[in-house]
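**Q** Can you read through this structure? Questions will come right after.
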Amino acid sequence: MFDIIIHMDNSYLLDGIKVGFHKGIVTTLNLAKIVVPVFFLVTILKATPLMYYLDTIFSPFMKYFGLPGDASLVLITGYLLNIYSAVGVIVGLGLNSREITILAIMVLIAHSLILEGAICSRIGVNPFFITIFRVSTSFLAGFLLNMVLR
Amino acid sequence: MIEVLEEAVFGSLGTLLTITMIVIPLMIFIETFKRSPFWDSFCNSVANIIKYLGFSKNSAIPLAAGSIFGLIYGAGTVMDEVKKGLISTKEIILINIFLVLSHAMIEDTAIFVAIGANFVVIFFGRIAVTILFVLLFGKVLDLFRRFD
């Protein structure tokens, strides 16, 4: 009798560990599939003039966030694609801890805008409004963090 | 060129290893938490906190689920509650504002911490921005309601 109660009480533990381990592996694999190619691409891109042009075009804008111009690639991939590709670009660019923190909060606030906009419209909220709102909030957070963060 | 590729291989593998070491234990924690008796008490304490942001008790499950498990999961629970007819339009918009700014708070934050971001800044900074905009939009939506 007691055995059954104890067993029932803890059955969620085994379940949680099993499902959690599986989800952890799946997440890591999904991440690897994106981070590794993006990392390669960025590492190669760094050796080409393309990165130089990107840097010079965007640095007047990115300096408001205390970021180098080539970090705009992180925002573009994060906004349009997803967090994983932004992570790949961040690692590939070899930024410092302060720049990573600012980019992290900007990308965490606004990412996968197309996909998540579609999800929002299913709940009944205007996806264009949500997208503009998220991007401007992301800029605001990056701007404020650049002023506050030492 | 070989040096560049070497850097890419070791750099990406190192990063992935760090992320794996963090993501797998976290996923185990999240999935166990979801199934445990603590989940209900967590939702209850969320219900107590969110009333200060202008949410009713019915928003507790969507907000708790969305902020921990992600936007898709949160949106699913929102639709469940909408079908029951328990959530007002204003509250749906506020839940959406909250969840687009703060979702998958554990997993996504951990991935950025793994590559070198400051945990305190990105976790609490995001929560602060979320609370600010939820309060702001709550006020704005009340204002619009007054005119119709």
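Chain labels follow the order of the structure tokens: the first chain is A, the next B, and so on; residue numbering restarts at 1 in every chain, and ligands are counted from 1 in their shown order.
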Would you list the contacts of Leu17 (chain B) as a PyMOL selection string, taking every protein, DNA or RNA residue within 10 Å and counting only C-alpha atoms, but skipping same-chain residues closer than 5 positions in sequence?

**A** (chain A and resi 28+32) or (chain B and resi 12+22-23+114)

**Q** Restrict the distance test to only C-alpha atoms, flag each residue of chain A within 8 Å of chain B, and return the flagged residues as a PDB file with C-alpha atoms, in the first residue's frame.

**A**
```pdb
ATOM      1  CA  TYR A  12       7.001  12.269 -12.266  1.00  0.00           C
ATOM      2  CA  LEU A  13      10.726  12.316 -11.443  1.00  0.00           C
ATOM      3  CA  ASP A  15       9.309  10.851 -16.465  1.00  0.00           C
ATOM      4  CA  GLY A  16      10.748  14.339 -16.140  1.00  0.00           C
ATOM      5  CA  ILE A  17      14.335  13.111 -16.332  1.00  0.00           C
ATOM      6  CA  LYS A  18      13.576  10.971 -19.400  1.00  0.00           C
ATOM      7  CA  VAL A  19      11.686  13.646 -21.328  1.00  0.00           C
ATOM      8  CA  GLY A  20      14.041  16.398 -20.148  1.00  0.00           C
ATOM      9  CA  PHE A  21      17.143  14.496 -21.245  1.00  0.00           C
ATOM     10  CA  LYS A  23      14.549  17.475 -25.066  1.00  0.00           C
ATOM     11  CA  GLY A  24      18.011  18.595 -23.966  1.00  0.00           C
ATOM     12  CA  ILE A  25      19.633  16.408 -26.638  1.00  0.00           C
ATOM     13  CA  THR A  27      17.756  21.266 -28.357  1.00  0.00           C
ATOM     14  CA  THR A  28      21.528  20.788 -28.446  1.00  0.00           C
ATOM     15  CA  LEU A  31      21.539  24.342 -31.898  1.00  0.00           C
ATOM     16  CA  ALA A  32      24.543  22.519 -33.317  1.00  0.00           C
ATOM     17  CA  VAL A  35      25.610  27.320 -34.690  1.00  0.00           C
ATOM     18  CA  VAL A  36      28.356  25.290 -36.434  1.00  0.00           C
ATOM     19  CA  PHE A  39      30.212  29.974 -37.061  1.00  0.00           C
ATOM     20  CA  PHE A  40      32.084  28.682 -40.142  1.00  0.00           C
ATOM     21  CA  THR A  43      34.816  32.956 -39.620  1.00  0.00           C
ATOM     22  CA  ILE A  44      35.285  32.857 -43.395  1.00  0.00           C
ATOM     23  CA  ILE A  83      18.360  32.966 -31.305  1.00  0.00           C
ATOM     24  CA  VAL A  87      24.537  32.827 -31.011  1.00  0.00           C
ATOM     25  CA  VAL A  91      30.692  33.357 -31.173  1.00  0.00           C
ATOM     26  CA  GLY A  92      32.081  33.723 -34.702  1.00  0.00           C
ATOM     27  CA  SER A  97      31.574  40.155 -22.482  1.00  0.00           C
ATOM     28  CA  ARG A  98      30.020  43.648 -22.379  1.00  0.00           C
ATOM     29  CA  ILE A 100      27.670  40.022 -25.676  1.00  0.00           C
ATOM     30  CA  THR A 101      25.504  41.141 -22.733  1.00  0.00           C
ATOM     31  CA  ALA A 104      21.933  39.189 -25.607  1.00  0.00           C
ATOM     32  CA  ILE A 105      19.278  41.461 -24.140  1.00  0.00           C
ATOM     33  CA  LEU A 108      16.243  38.066 -26.248  1.00  0.00           C
ATOM     34  CA  ILE A 109      13.651  40.850 -26.492  1.00  0.00           C
ATOM     35  CA  ALA A 110      13.273  40.618 -30.283  1.00  0.00           C
ATOM     36  CA  GLU A 116       6.615  34.496 -33.445  1.00  0.00           C
ATOM     37  CA  ILE A 119       2.031  32.814 -33.374  1.00  0.00           C
ATOM     38  CA  CYS A 120       0.809  36.167 -32.022  1.00  0.00           C
ATOM     39  CA  ILE A 123      -3.972  34.544 -30.502  1.00  0.00           C
ATOM     40  CA  VAL A 125      -2.909  40.254 -31.777  1.00  0.00           C
ATOM     41  CA  ILE A 130       4.023  43.302 -32.082  1.00  0.00           C
ATOM     42  CA  ARG A 134       9.616  44.354 -30.105  1.00  0.00           C
ATOM     43  CA  ALA A 141      17.027  48.279 -24.083  1.00  0.00           C
TER      44      ALA A 141
END
```

**Q** Could you tell me which of A:Val26, A:Leu81, A:Ile102, A:Ala47 comes closest to Gly66 (chain A) if we count only C-alpha atoms?

**A**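 Selected residue with least distance to Gly66 (chain A): A:Ile102.
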
**Q** Excluding region 41-44 of chain B and its own-chain neighbours fewer than 6 positions away, which residues fall within 10 Å of it when counting only C-alpha atoms? Please give them as a PDB file with N, CA and C atoms, in the first residue's frame.

**A**
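Writing the result to out_25.pdb gives the following:
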```
ATOM      1  N   PHE B  33       9.983  19.685 -13.179  1.00  0.00           N
ATOM      2  CA  PHE B  33       9.218  20.730 -12.497  1.00  0.00           C
ATOM      3  C   PHE B  33       7.784  20.775 -13.008  1.00  0.00           C
ATOM      4  N   LYS B  34       7.627  20.662 -14.341  1.00  0.00           N
ATOM      5  CA  LYS B  34       6.304  20.717 -14.953  1.00  0.00           C
ATOM      6  C   LYS B  34       5.401  19.602 -14.425  1.00  0.00           C
ATOM      7  N   LYS B  57      -6.599  36.169 -12.128  1.00  0.00           N
ATOM      8  CA  LYS B  57      -6.064  34.854 -11.778  1.00  0.00           C
ATOM      9  C   LYS B  57      -6.001  33.921 -12.998  1.00  0.00           C
ATOM     10  N   SER B  59      -4.993  34.414 -15.891  1.00  0.00           N
ATOM     11  CA  SER B  59      -3.800  34.567 -16.728  1.00  0.00           C
ATOM     12  C   SER B  59      -2.592  33.851 -16.151  1.00  0.00           C
ATOM     13  N   ALA B  60      -2.727  33.323 -14.936  1.00  0.00           N
ATOM     14  CA  ALA B  60      -1.552  32.753 -14.259  1.00  0.00           C
ATOM     15  C   ALA B  60      -0.936  31.601 -15.046  1.00  0.00           C
ATOM     16  N   ILE B  61      -1.773  30.668 -15.527  1.00  0.00           N
ATOM     17  CA  ILE B  61      -1.218  29.503 -16.225  1.00  0.00           C
ATOM     18  C   ILE B  61      -0.557  29.897 -17.550  1.00  0.00           C
ATOM     19  N   PRO B  62      -1.225  30.706 -18.416  1.00  0.00           N
ATOM     20  CA  PRO B  62      -0.523  31.135 -19.633  1.00  0.00           C
ATOM     21  C   PRO B  62       0.798  31.842 -19.357  1.00  0.00           C
ATOM     22  N   LEU B  63       0.808  32.745 -18.358  1.00  0.00           N
ATOM     23  CA  LEU B  63       2.034  33.491 -18.081  1.00  0.00           C
ATOM     24  C   LEU B  63       3.125  32.584 -17.514  1.00  0.00           C
ATOM     25  N   ALA B  64       2.753  31.711 -16.575  1.00  0.00           N
ATOM     26  CA  ALA B  64       3.750  30.805 -15.983  1.00  0.00           C
ATOM     27  C   ALA B  64       4.297  29.859 -17.046  1.00  0.00           C
ATOM     28  N   ALA B  65       3.385  29.267 -17.842  1.00  0.00           N
ATOM     29  CA  ALA B  65       3.817  28.308 -18.868  1.00  0.00           C
ATOM     30  C   ALA B  65       4.651  28.991 -19.940  1.00  0.00           C
TER      31      ALA B  65
END
```

**Q** Using CA of Phe124 (chain B) and CA of Gly54 (chain B) as the two end points, give the distance in Å to one decimal.

**A**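 CA of Gly54 (chain B) lies at a distance of 20.1 Å from CA of Phe124 (chain B).
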
**Q** May I have the residues within 7 Å of Leu93 (chain A) as a PDB file with N, CA and C atoms, in the first residue's frame, using only C-alpha atoms and disregarding those fewer than 3 positions away in the same chain?

**A**
```pdb
ATOM      1  N   VAL A  42      30.749  32.825 -40.648  1.00  0.00           N
ATOM      2  CA  VAL A  42      31.218  34.110 -40.110  1.00  0.00           C
ATOM      3  C   VAL A  42      32.741  34.141 -40.077  1.00  0.00           C
ATOM      4  N   VAL A  89      26.638  33.700 -34.735  1.00  0.00           N
ATOM      5  CA  VAL A  89      27.334  34.904 -35.211  1.00  0.00           C
ATOM      6  C   VAL A  89      28.139  35.547 -34.077  1.00  0.00           C
ATOM      7  N   ILE A  90      27.546  35.613 -32.872  1.00  0.00           N
ATOM      8  CA  ILE A  90      28.254  36.216 -31.730  1.00  0.00           C
ATOM      9  C   ILE A  90      29.565  35.483 -31.488  1.00  0.00           C
TER      10      ILE A  90
END
```
